[in-house]
>>> print(open('work-v4.cif').read())   # mmCIF, C-alpha atoms and all ligand atoms
data_entry
#
loop_
_atom_site.group_PDB
_atom_site.id
_atom_site.type_symbol
_atom_site.label_atom_id
_atom_site.label_comp_id
_atom_site.auth_asym_id
_atom_site.auth_seq_id
_atom_site.Cartn_x
_atom_site.Cartn_y
_atom_site.Cartn_z
ATOM 1 C CA MET A 1 -25.264 -11.632 6.378
ATOM 2 C CA LEU A 2 -25.512 -8.437 8.402
ATOM 3 C CA ILE A 3 -22.635 -6.407 9.743
ATOM 4 C CA GLU A 4 -23.232 -4.605 13.008
ATOM 5 C CA GLY A 5 -23.117 -0.855 12.550
ATOM 6 C CA PHE A 6 -23.627 -0.871 8.799
ATOM 7 C CA GLY A 7 -27.335 -1.583 8.957
ATOM 8 C CA GLN A 8 -29.605 -2.545 6.109
ATOM 9 C CA GLU A 9 -28.548 0.445 4.030
ATOM 10 C CA GLY A 10 -24.837 -0.301 4.323
ATOM 11 C CA GLN A 11 -25.456 -3.925 3.416
ATOM 12 C CA GLU A 12 -27.442 -2.886 0.353
ATOM 13 C CA ARG A 13 -24.665 -0.584 -0.720
ATOM 14 C CA LEU A 14 -22.187 -3.438 -0.454
ATOM 15 C CA ALA A 15 -24.508 -5.704 -2.447
ATOM 16 C CA GLY A 16 -24.757 -3.055 -5.152
ATOM 17 C CA ALA A 17 -21.017 -2.373 -5.332
ATOM 18 C CA ARG A 18 -18.425 -3.566 -7.787
ATOM 19 C CA VAL A 19 -14.877 -4.002 -6.500
ATOM 20 C CA THR A 20 -11.874 -4.892 -8.641
ATOM 21 C CA ALA A 21 -8.881 -6.433 -6.875
ATOM 22 C CA VAL A 22 -5.632 -6.721 -8.800
ATOM 23 C CA GLY A 23 -3.419 -9.542 -7.558
ATOM 24 C CA LEU A 24 -4.517 -12.770 -5.837
ATOM 25 C CA GLY A 25 -1.418 -13.374 -3.749
ATOM 26 C CA GLY A 26 -0.648 -12.556 -0.123
ATOM 27 C CA LEU A 27 -2.778 -9.407 -0.052
ATOM 28 C CA GLY A 28 -5.400 -10.423 -2.608
ATOM 29 C CA SER A 29 -6.271 -13.796 -1.054
ATOM 30 C CA PRO A 30 -7.432 -12.591 2.373
ATOM 31 C CA LEU A 31 -8.925 -9.460 0.843
ATOM 32 C CA ALA A 32 -11.099 -11.446 -1.578
ATOM 33 C CA ILE A 33 -12.259 -13.835 1.166
ATOM 34 C CA TYR A 34 -13.409 -10.993 3.414
ATOM 35 C CA LEU A 35 -15.033 -8.952 0.657
ATOM 36 C CA ALA A 36 -16.902 -12.039 -0.590
ATOM 37 C CA ALA A 37 -18.016 -12.853 2.954
ATOM 38 C CA ALA A 38 -19.060 -9.232 3.532
ATOM 39 C CA GLY A 39 -21.403 -9.491 0.558
ATOM 40 C CA VAL A 40 -19.800 -7.155 -1.968
ATOM 41 C CA GLY A 41 -22.155 -7.757 -4.908
ATOM 42 C CA ARG A 42 -19.662 -7.958 -7.718
ATOM 43 C CA LEU A 43 -16.011 -8.902 -7.443
ATOM 44 C CA THR A 44 -13.601 -8.735 -10.345
ATOM 45 C CA LEU A 45 -10.342 -10.506 -9.536
ATOM 46 C CA CYS A 46 -7.275 -10.261 -11.665
ATOM 47 C CA ASP A 47 -4.159 -12.469 -11.654
ATOM 48 C CA TYR A 48 -2.300 -14.153 -14.499
ATOM 49 C CA LYS A 49 0.010 -16.398 -12.498
ATOM 50 C CA GLU A 50 -0.179 -19.983 -11.305
ATOM 51 C CA VAL A 51 -0.097 -21.163 -7.704
ATOM 52 C CA ASP A 52 3.445 -21.913 -6.579
ATOM 53 C CA ALA A 53 4.193 -24.066 -3.512
ATOM 54 C CA PRO A 54 6.221 -21.400 -1.598
ATOM 55 C CA ASP A 55 3.214 -19.039 -1.880
ATOM 56 C CA LEU A 56 0.992 -21.220 0.286
ATOM 57 C CA ASN A 57 2.215 -19.665 3.564
ATOM 58 C CA ARG A 58 0.335 -16.471 2.790
ATOM 59 C CA GLN A 59 -1.907 -16.974 -0.223
ATOM 60 C CA VAL A 60 -4.656 -18.521 1.837
ATOM 61 C CA LEU A 61 -7.133 -18.896 -1.023
ATOM 62 C CA HIS A 62 -4.818 -21.430 -2.631
ATOM 63 C CA TRP A 63 -4.237 -24.824 -1.082
ATOM 64 C CA GLU A 64 -1.802 -27.703 -1.469
ATOM 65 C CA GLY A 65 -3.822 -29.320 -4.258
ATOM 66 C CA ASP A 66 -3.925 -26.066 -6.250
ATOM 67 C CA VAL A 67 -0.200 -25.896 -6.984
ATOM 68 C CA GLY A 68 0.196 -25.376 -10.740
ATOM 69 C CA ARG A 69 -3.398 -24.153 -11.239
ATOM 70 C CA ALA A 70 -4.204 -20.614 -12.297
ATOM 71 C CA LYS A 71 -4.657 -18.504 -9.169
ATOM 72 C CA ALA A 72 -7.752 -17.007 -10.763
ATOM 73 C CA ASP A 73 -9.407 -20.450 -11.108
ATOM 74 C CA SER A 74 -8.428 -21.520 -7.620
ATOM 75 C CA ALA A 75 -9.819 -18.260 -6.176
ATOM 76 C CA LEU A 76 -13.056 -18.470 -8.142
ATOM 77 C CA GLU A 77 -13.812 -21.986 -6.923
ATOM 78 C CA LYS A 78 -13.274 -21.171 -3.219
ATOM 79 C CA LEU A 79 -15.078 -17.838 -3.275
ATOM 80 C CA ARG A 80 -18.127 -19.221 -5.143
ATOM 81 C CA ALA A 81 -18.421 -21.905 -2.486
ATOM 82 C CA LEU A 82 -18.071 -19.276 0.254
ATOM 83 C CA ASN A 83 -20.749 -16.951 -1.102
ATOM 84 C CA PRO A 84 -22.806 -18.186 -4.060
ATOM 85 C CA ARG A 85 -25.051 -15.107 -3.920
ATOM 86 C CA ILE A 86 -22.483 -12.677 -5.307
ATOM 87 C CA ARG A 87 -21.127 -12.282 -8.819
ATOM 88 C CA ILE A 88 -17.439 -13.087 -9.234
ATOM 89 C CA GLU A 89 -15.431 -12.677 -12.426
ATOM 90 C CA VAL A 90 -11.777 -13.446 -12.973
ATOM 91 C CA ILE A 91 -9.334 -11.987 -15.457
ATOM 92 C CA LYS A 92 -6.180 -13.922 -16.323
ATOM 93 C CA ASP A 93 -4.335 -11.237 -18.274
ATOM 94 C CA PRO A 94 -1.360 -9.327 -16.889
ATOM 95 C CA VAL A 95 -2.095 -5.632 -16.320
ATOM 96 C CA SER A 96 -0.592 -3.496 -19.084
ATOM 97 C CA ARG A 97 -0.681 0.108 -20.214
ATOM 98 C CA GLU A 98 -3.060 -1.028 -22.971
ATOM 99 C CA ASN A 99 -5.642 -2.906 -20.907
ATOM 100 C CA VAL A 100 -5.555 -1.148 -17.518
ATOM 101 C CA ARG A 101 -8.356 1.353 -18.116
ATOM 102 C CA GLY A 102 -10.716 -1.279 -19.469
ATOM 103 C CA LEU A 103 -9.900 -3.437 -16.501
ATOM 104 C CA VAL A 104 -10.886 -0.938 -13.817
ATOM 105 C CA GLU A 105 -13.633 0.959 -15.652
ATOM 106 C CA GLY A 106 -17.031 0.606 -13.999
ATOM 107 C CA SER A 107 -15.582 -0.321 -10.601
ATOM 108 C CA ASP A 108 -16.662 1.516 -7.461
ATOM 109 C CA VAL A 109 -13.348 0.736 -5.757
ATOM 110 C CA VAL A 110 -10.094 -0.747 -7.053
ATOM 111 C CA VAL A 111 -7.800 -2.563 -4.615
ATOM 112 C CA ASP A 112 -4.064 -2.817 -5.244
ATOM 113 C CA CYS A 113 -2.856 -6.262 -4.156
ATOM 114 C CA LEU A 114 0.130 -6.186 -6.509
ATOM 115 C CA ASP A 115 3.760 -7.035 -5.853
ATOM 116 C CA ASN A 116 5.496 -4.317 -7.892
ATOM 117 C CA PHE A 117 5.333 -0.559 -8.338
ATOM 118 C CA ASP A 118 5.511 -0.479 -12.136
ATOM 119 C CA THR A 119 2.042 -2.016 -12.306
ATOM 120 C CA ARG A 120 0.875 -0.023 -9.275
ATOM 121 C CA TYR A 121 1.685 3.234 -11.059
ATOM 122 C CA LEU A 122 -0.325 2.062 -14.095
ATOM 123 C CA LEU A 123 -3.283 1.272 -11.849
ATOM 124 C CA ASN A 124 -2.917 4.623 -10.074
ATOM 125 C CA GLU A 125 -2.910 6.502 -13.388
ATOM 126 C CA ALA A 126 -5.992 4.683 -14.655
ATOM 127 C CA CYS A 127 -7.909 5.229 -11.392
ATOM 128 C CA VAL A 128 -6.998 8.922 -11.207
ATOM 129 C CA GLY A 129 -7.964 9.321 -14.890
ATOM 130 C CA LEU A 130 -11.340 7.618 -14.402
ATOM 131 C CA GLY A 131 -12.043 9.078 -10.938
ATOM 132 C CA ILE A 132 -12.193 5.682 -9.206
ATOM 133 C CA PRO A 133 -10.974 5.339 -5.582
ATOM 134 C CA LEU A 134 -7.887 3.135 -5.228
ATOM 135 C CA VAL A 135 -6.805 1.346 -2.063
ATOM 136 C CA HIS A 136 -3.059 0.651 -1.871
ATOM 137 C CA ALA A 137 -1.039 -1.646 0.353
ATOM 138 C CA ALA A 138 2.357 -3.328 0.127
ATOM 139 C CA VAL A 139 4.247 -5.661 2.457
ATOM 140 C CA GLU A 140 7.694 -7.037 3.148
ATOM 141 C CA GLY A 141 8.767 -9.150 6.078
ATOM 142 C CA LEU A 142 7.009 -7.764 9.134
ATOM 143 C CA ARG A 143 6.323 -4.362 7.605
ATOM 144 C CA GLY A 144 3.760 -2.761 5.381
ATOM 145 C CA GLN A 145 2.190 0.477 4.261
ATOM 146 C CA ALA A 146 -1.269 1.478 3.094
ATOM 147 C CA THR A 147 -3.052 4.510 1.726
ATOM 148 C CA THR A 148 -6.276 5.330 -0.088
ATOM 149 C CA VAL A 149 -6.472 7.487 -3.191
ATOM 150 C CA VAL A 150 -9.688 9.410 -3.763
ATOM 151 C CA PRO A 151 -9.138 11.151 -7.117
ATOM 152 C CA GLY A 152 -9.717 14.905 -7.003
ATOM 153 C CA LYS A 153 -9.700 14.902 -3.202
ATOM 154 C CA SER A 154 -6.545 13.219 -1.932
ATOM 155 C CA PRO A 155 -2.948 12.863 -3.084
ATOM 156 C CA CYS A 156 -2.435 9.962 -5.482
ATOM 157 C CA LEU A 157 -0.053 7.038 -4.982
ATOM 158 C CA ARG A 158 2.677 8.794 -6.951
ATOM 159 C CA CYS A 159 2.372 11.923 -4.766
ATOM 160 C CA VAL A 160 2.950 9.780 -1.685
ATOM 161 C CA ILE A 161 5.581 7.375 -3.088
ATOM 162 C CA PRO A 162 7.058 9.160 -6.116
ATOM 163 C CA VAL A 163 9.836 6.675 -6.836
ATOM 164 C CA ALA A 164 9.393 2.901 -6.887
ATOM 165 C CA PRO A 165 10.987 1.400 -3.760
ATOM 166 C CA GLN A 166 14.171 -0.481 -4.532
ATOM 167 C CA ARG A 167 13.379 -4.153 -4.775
ATOM 168 C CA LYS A 168 15.476 -6.696 -3.052
ATOM 169 C CA ALA A 169 16.140 -9.813 -5.110
ATOM 170 C CA VAL A 170 14.557 -12.065 -2.531
ATOM 171 C CA PHE A 171 12.591 -10.961 0.479
ATOM 172 C CA PRO A 172 10.241 -12.836 2.752
ATOM 173 C CA ILE A 173 6.575 -12.030 3.051
ATOM 174 C CA ILE A 174 5.189 -13.410 6.235
ATOM 175 C CA GLY A 175 1.580 -14.551 5.975
ATOM 176 C CA PHE A 176 0.178 -12.549 8.844
ATOM 177 C CA THR A 177 1.785 -9.311 7.671
ATOM 178 C CA ALA A 178 0.019 -9.650 4.325
ATOM 179 C CA GLY A 179 -3.162 -10.613 6.180
ATOM 180 C CA PHE A 180 -2.911 -7.548 8.434
ATOM 181 C CA LEU A 181 -2.491 -5.127 5.539
ATOM 182 C CA ALA A 182 -5.157 -6.953 3.499
ATOM 183 C CA MET A 183 -7.613 -6.346 6.351
ATOM 184 C CA VAL A 184 -6.730 -2.656 6.308
ATOM 185 C CA GLU A 185 -7.517 -2.719 2.575
ATOM 186 C CA ALA A 186 -10.805 -4.561 3.149
ATOM 187 C CA ALA A 187 -11.793 -2.003 5.796
ATOM 188 C CA GLU A 188 -10.915 0.879 3.469
ATOM 189 C CA THR A 189 -12.978 -0.699 0.681
ATOM 190 C CA VAL A 190 -16.042 -1.213 2.870
ATOM 191 C CA LYS A 191 -15.733 2.315 4.315
ATOM 192 C CA LEU A 192 -15.501 3.836 0.827
ATOM 193 C CA ILE A 193 -18.624 1.937 -0.283
ATOM 194 C CA THR A 194 -20.761 2.494 2.814
ATOM 195 C CA GLY A 195 -19.516 5.938 3.826
ATOM 196 C CA VAL A 196 -18.973 4.654 7.378
ATOM 197 C CA GLY A 197 -15.856 5.800 9.260
ATOM 198 C CA GLU A 198 -12.789 7.656 8.072
ATOM 199 C CA THR A 199 -10.497 6.380 5.336
ATOM 200 C CA LEU A 200 -6.748 6.664 4.732
ATOM 201 C CA ALA A 201 -7.331 9.258 1.994
ATOM 202 C CA GLY A 202 -4.621 11.880 2.548
ATOM 203 C CA LYS A 203 -2.896 9.579 5.026
ATOM 204 C CA LEU A 204 -0.244 6.890 4.952
ATOM 205 C CA LEU A 205 -0.280 4.022 7.411
ATOM 206 C CA VAL A 206 3.192 2.671 8.108
ATOM 207 C CA ALA A 207 2.983 -0.558 10.106
ATOM 208 C CA ASP A 208 5.741 -2.628 11.641
ATOM 209 C CA LEU A 209 4.531 -5.811 13.297
ATOM 210 C CA GLY A 210 8.078 -6.452 14.457
ATOM 211 C CA ASP A 211 8.036 -3.693 17.058
ATOM 212 C CA ASN A 212 4.311 -2.883 17.023
ATOM 213 C CA SER A 213 4.742 0.603 15.641
ATOM 214 C CA TYR A 214 1.722 1.778 13.675
ATOM 215 C CA GLN A 215 1.926 5.321 12.431
ATOM 216 C CA VAL A 216 -0.575 7.312 10.446
ATOM 217 C CA LEU A 217 1.158 10.152 8.620
ATOM 218 C CA GLU A 218 -0.467 13.035 6.772
ATOM 219 C CA THR A 219 0.255 13.162 3.043
ATOM 220 C CA ARG A 220 0.246 16.103 0.655
ATOM 221 C CA LYS A 221 -0.702 16.423 -2.973
ATOM 222 C CA ASN A 222 2.329 17.220 -5.135
ATOM 223 C CA PRO A 223 1.317 20.034 -7.518
ATOM 224 C CA ASP A 224 3.984 18.761 -9.937
ATOM 225 C CA CYS A 225 2.826 15.121 -9.739
ATOM 226 C CA PRO A 226 3.033 13.585 -13.235
ATOM 227 C CA THR A 227 -0.197 11.673 -12.565
ATOM 228 C CA CYS A 228 -2.516 14.070 -10.700
ATOM 229 C CA GLY A 229 -0.625 17.376 -10.679
ATOM 230 C CA SER A 230 -2.265 20.606 -11.792
ATOM 231 C CA ARG A 231 0.871 22.332 -13.092
ATOM 232 C CA MET B 1 17.477 20.277 18.419
ATOM 233 C CA ILE B 2 16.057 18.256 15.575
ATOM 234 C CA ARG B 3 15.128 14.686 16.359
ATOM 235 C CA ILE B 4 15.587 12.140 13.562
ATOM 236 C CA ARG B 5 14.048 8.685 14.040
ATOM 237 C CA PHE B 6 14.887 5.707 11.859
ATOM 238 C CA PHE B 7 12.519 2.800 11.305
ATOM 239 C CA ALA B 8 12.781 -0.833 10.263
ATOM 240 C CA GLY B 9 15.913 -1.764 8.300
ATOM 241 C CA PHE B 10 17.238 1.798 8.496
ATOM 242 C CA ARG B 11 17.947 1.286 12.179
ATOM 243 C CA ASP B 12 20.454 -1.392 11.252
ATOM 244 C CA GLU B 13 21.861 0.614 8.333
ATOM 245 C CA VAL B 14 22.430 3.675 10.510
ATOM 246 C CA GLY B 15 23.164 1.744 13.672
ATOM 247 C CA LYS B 16 20.794 3.910 15.728
ATOM 248 C CA ALA B 17 17.071 4.287 16.224
ATOM 249 C CA GLU B 18 17.370 7.994 16.802
ATOM 250 C CA ILE B 19 19.818 10.871 16.270
ATOM 251 C CA GLU B 20 19.527 14.403 17.649
ATOM 252 C CA VAL B 21 21.213 17.180 15.670
ATOM 253 C CA GLU B 22 21.708 20.912 15.994
ATOM 254 C CA PRO B 23 19.613 22.841 13.493
ATOM 255 C CA ARG B 24 21.532 24.596 10.727
ATOM 256 C CA GLY B 25 19.852 27.750 9.458
ATOM 257 C CA GLY B 26 17.814 27.125 6.319
ATOM 258 C CA ALA B 27 18.984 23.555 5.792
ATOM 259 C CA THR B 28 16.700 21.063 4.086
ATOM 260 C CA LEU B 29 15.971 17.611 5.399
ATOM 261 C CA GLY B 30 18.188 16.090 2.703
ATOM 262 C CA GLU B 31 21.088 18.435 3.501
ATOM 263 C CA LEU B 32 20.775 17.679 7.181
ATOM 264 C CA LEU B 33 21.016 13.936 6.542
ATOM 265 C CA GLU B 34 23.849 14.362 3.997
ATOM 266 C CA GLY B 35 25.797 16.218 6.690
ATOM 267 C CA LEU B 36 25.485 13.214 8.991
ATOM 268 C CA LYS B 37 26.892 10.735 6.479
ATOM 269 C CA GLU B 38 30.438 11.100 7.737
ATOM 270 C CA ASN B 39 29.522 9.895 11.216
ATOM 271 C CA TYR B 40 26.846 7.474 10.016
ATOM 272 C CA PRO B 41 28.002 5.939 6.715
ATOM 273 C CA GLY B 42 24.853 3.769 6.619
ATOM 274 C CA LEU B 43 22.869 6.910 5.806
ATOM 275 C CA GLY B 44 24.246 6.743 2.264
ATOM 276 C CA LYS B 45 21.993 3.807 1.524
ATOM 277 C CA VAL B 46 19.016 5.499 3.161
ATOM 278 C CA LEU B 47 19.456 8.553 0.947
ATOM 279 C CA GLU B 48 19.505 6.617 -2.346
ATOM 280 C CA GLU B 49 16.487 7.496 -4.442
ATOM 281 C CA GLY B 50 13.423 5.388 -3.823
ATOM 282 C CA ASN B 51 14.729 4.051 -0.563
ATOM 283 C CA ALA B 52 13.015 6.281 1.958
ATOM 284 C CA ILE B 53 9.798 7.961 2.965
ATOM 285 C CA PHE B 54 10.513 11.105 4.987
ATOM 286 C CA ALA B 55 8.032 12.425 7.508
ATOM 287 C CA LEU B 56 8.359 15.831 9.136
ATOM 288 C CA ASN B 57 6.209 16.248 12.235
ATOM 289 C CA GLN B 58 3.985 13.325 11.152
ATOM 290 C CA GLU B 59 3.555 14.602 7.603
ATOM 291 C CA VAL B 60 5.088 12.948 4.535
ATOM 292 C CA VAL B 61 7.447 15.431 2.823
ATOM 293 C CA GLU B 62 10.161 15.468 0.180
ATOM 294 C CA ALA B 63 13.843 15.671 1.065
ATOM 295 C CA ASN B 64 14.018 19.294 -0.124
ATOM 296 C CA THR B 65 11.751 20.486 2.720
ATOM 297 C CA ARG B 66 13.372 22.911 5.175
ATOM 298 C CA VAL B 67 13.719 21.856 8.801
ATOM 299 C CA LYS B 68 13.967 23.960 11.943
ATOM 300 C CA ASP B 69 14.636 23.665 15.654
ATOM 301 C CA GLY B 70 12.127 21.448 17.440
ATOM 302 C CA ASP B 71 11.185 19.465 14.332
ATOM 303 C CA GLU B 72 10.810 15.722 14.443
ATOM 304 C CA VAL B 73 11.869 13.753 11.381
ATOM 305 C CA ALA B 74 11.035 10.095 10.738
ATOM 306 C CA VAL B 75 12.601 7.995 8.004
ATOM 307 C CA PHE B 76 10.901 4.814 6.758
ATOM 308 C CA PRO B 77 11.719 2.402 3.957
ATOM 309 C CA PRO B 78 8.683 1.905 1.694
ATOM 310 C CA VAL B 79 7.987 -1.693 0.699
ATOM 311 C CA SER B 80 6.690 -3.159 -2.553
ATOM 312 C CA GLY B 81 5.679 -6.787 -2.012
ATOM 313 C CA GLY B 82 2.229 -8.274 -2.006
HETATM 314 ZN ZN ZN C 301 -0.310 12.596 -7.598
#
>>> encode(input="work-v4.cif", output="structure tokens")
Amino acid sequence: MLIEGFGQEGQERLAGARVTAVGLGGLGSPLAIYLAAAGVGRLTLCDYKEVDAPDLNRQVLHWEGDVGRAKADSALEKLRALNPRIRIEVIKDPVSRENVRGLVEGSDVVVDCLDNFDTRYLLNEACVGLGIPLVHAAVEGLRGQATTVVPGKSPCLRCVIPVAPQRKAVFPIIGFTAGFLAMVEAAETVKLITGVGETLAGKLLVADLGDNSYQVLETRKNPDCPTCGSR
Amino acid sequence: MIRIRFFAGFRDEVGKAEIEVEPRGGATLGELLEGLKENYPGLGKVLEEGNAIFALNQEVVEANTRVKDGDEVAVFPPVSGG
């Protein structure tokens, strides 16, 4: 498979890259499909939950017959069939303070496809500590946000969103919103690996599909940041 | 004047997409919004910690950043789902 504009060299870089995606839900499903199809050489996918029927509207790797199966197993089966030439591993443990560094170590890029900020902050800390680029996105309803953390160069996730957003008890995630933001994450990942284009490092994309407002804001490093601050 | 734009759910909370206010010398973004709470009670929810991302002239800032005449402020709710 060749992608126009990336050339042989870009394709080789993708084939030689290792990407870890945490979460195989609304963001992680489309992300994993596109990274597998793009020929990322080694994919590590992490999710400890089982497929639930209401997830099927957006978690496009998991189908009707997968309800009750581990998302990791369902993802592995589909992605192996899609691209048997790449290496895919799955991890079925929840991310914790204890295992997070071991989980991301050795990755060229880590992609945040999580559904909560407690775990996102753990991932952010581990990536900043190990110097691994982290691609963040989150969605709710018709809205989403995304940014890329390049440790040592850009603000980290905690600089940009210092306090976990208040969670509503129940909120809808519409499939195409997750798909939209997952594609932004896939693009960020491929750009980080190939060096093509400009990433969202130092920027925050705030997207609203409801009124088609897409804003790219500049972000600043917080010198007092508990994760990446210098003070 | 300082132009304050509200996005997504904040539009409903505040009841307006945009408010223009007179600058007050040396006021911070947070103080400016606090001062508007009387006329726009919905702002109380916006100002609760963890509820908003503030942007000043297209740059993400904290609520303690000073604002001046001609500035444009945007207020977004961050989301957490996936
Ligand atoms: Zn930071």
>>> interface_residues(input="work-v4.cif", of="chain B", to="chain A", cutoff="9 Å", atoms="all atoms listed in the file", output="JSON, numbers by chain")
{"B": [7, 8, 49, 50, 51, 52, 53, 55, 57, 58, 59, 60, 61, 76, 77, 78, 79, 80, 81, 82]}
>>> residues_near_ligand(input="work-v4.cif", ligand="ligand ZN 301 (chain C)", cutoff="7 Å", atoms="all atoms listed in the file", output="PyMOL selection string")
chain A and resi 155-159+221-222+225-229
>>> atom_distance(input="work-v4.cif", atom1="atom CA of Ile193 of chain A", atom2="atom CA of Glu89 of chain A")
19.3 Å
>>> resolve_selection(input="work-v4.cif", expression="the PyMOL selection byres (((chain A and resi 73-75) around 12) and not hetatm)", output="PyMOL selection string")
chain A and resi 21+23-25+28-33+36+43-52+59-72+76-82+88-92
>>> resolve_selection(input="work-v4.cif", expression="the PyMOL selection byres (((chain A and resi 127) around 10) and not hetatm)", output="list of chain:residue names")
A:Val100, A:Arg101, A:Val104, A:Glu105, A:Ser107, A:Val109, A:Val110, A:Tyr121, A:Leu122, A:Leu123, A:Asn124, A:Glu125, A:Ala126, A:Val128, A:Gly129, A:Leu130, A:Gly131, A:Ile132, A:Pro133, A:Leu134, A:Val149, A:Val150, A:Pro151, A:Cys156
>>> atom_distance(input="work-v4.cif", atom1="atom CA of Asp71 of chain B", atom2="atom CA of Met1 of chain B")
7.5 Å
>>> residues_around(input="work-v4.cif", residues="His136 of chain A", least_positions_apart="3", cutoff="7 Å", atoms="only C-alpha atoms", output="list in words")
Val111, Asp112, Ala146, Thr147 and Thr148 of chain A
>>> decode(input="work-v4.cif", residues="segment 17-29 of chain B", atoms="N, CA, C and O atoms", output="CSV table (one decimal), in the first residue's frame")
chain,number,residue,atom,x,y,z
B,17,ALA,N,-24.7,33.9,22.5
B,17,ALA,CA,-23.5,33.4,21.8
B,17,ALA,C,-22.3,34.4,22.1
B,17,ALA,O,-21.1,34.0,22.0
B,18,GLU,N,-22.6,35.6,22.4
B,18,GLU,CA,-21.6,36.6,22.4
B,18,GLU,C,-22.0,37.8,23.4
B,18,GLU,O,-23.2,38.2,23.4
B,19,ILE,N,-21.1,38.3,24.1
B,19,ILE,CA,-21.4,39.5,25.0
B,19,ILE,C,-20.2,40.4,24.7
B,19,ILE,O,-19.1,40.0,24.7
B,20,GLU,N,-20.6,41.7,24.7
B,20,GLU,CA,-19.5,42.7,24.6
B,20,GLU,C,-19.5,43.5,25.9
B,20,GLU,O,-20.5,43.9,26.4
B,21,VAL,N,-18.3,43.7,26.5
B,21,VAL,CA,-18.2,44.4,27.7
B,21,VAL,C,-17.2,45.5,27.7
B,21,VAL,O,-16.2,45.4,26.9
B,22,GLU,N,-17.4,46.5,28.5
B,22,GLU,CA,-16.4,47.6,28.7
B,22,GLU,C,-15.2,47.0,29.4
B,22,GLU,O,-15.4,46.3,30.4
B,23,PRO,N,-14.0,47.4,29.0
B,23,PRO,CA,-12.9,46.9,29.7
B,23,PRO,C,-12.8,47.7,31.1
B,23,PRO,O,-13.2,48.8,31.2
B,24,ARG,N,-12.3,46.9,32.1
B,24,ARG,CA,-12.1,47.5,33.4
B,24,ARG,C,-10.6,47.4,33.6
B,24,ARG,O,-10.0,46.3,33.5
B,25,GLY,N,-10.0,48.5,34.0
B,25,GLY,CA,-8.5,48.6,34.1
B,25,GLY,C,-7.9,47.5,34.9
B,25,GLY,O,-8.3,47.3,36.1
B,26,GLY,N,-7.1,46.7,34.3
B,26,GLY,CA,-6.3,45.7,35.1
B,26,GLY,C,-7.1,44.4,35.5
B,26,GLY,O,-6.6,43.6,36.2
B,27,ALA,N,-8.3,44.3,35.0
B,27,ALA,CA,-9.1,43.1,35.4
B,27,ALA,C,-8.6,41.9,34.7
B,27,ALA,O,-8.1,41.9,33.5
B,28,THR,N,-8.8,40.8,35.4
B,28,THR,CA,-8.4,39.5,34.7
B,28,THR,C,-9.7,38.9,34.0
B,28,THR,O,-10.8,39.4,34.3
B,29,LEU,N,-9.4,37.9,33.2
B,29,LEU,CA,-10.5,37.3,32.5
B,29,LEU,C,-11.6,36.8,33.5
B,29,LEU,O,-12.8,36.9,33.3
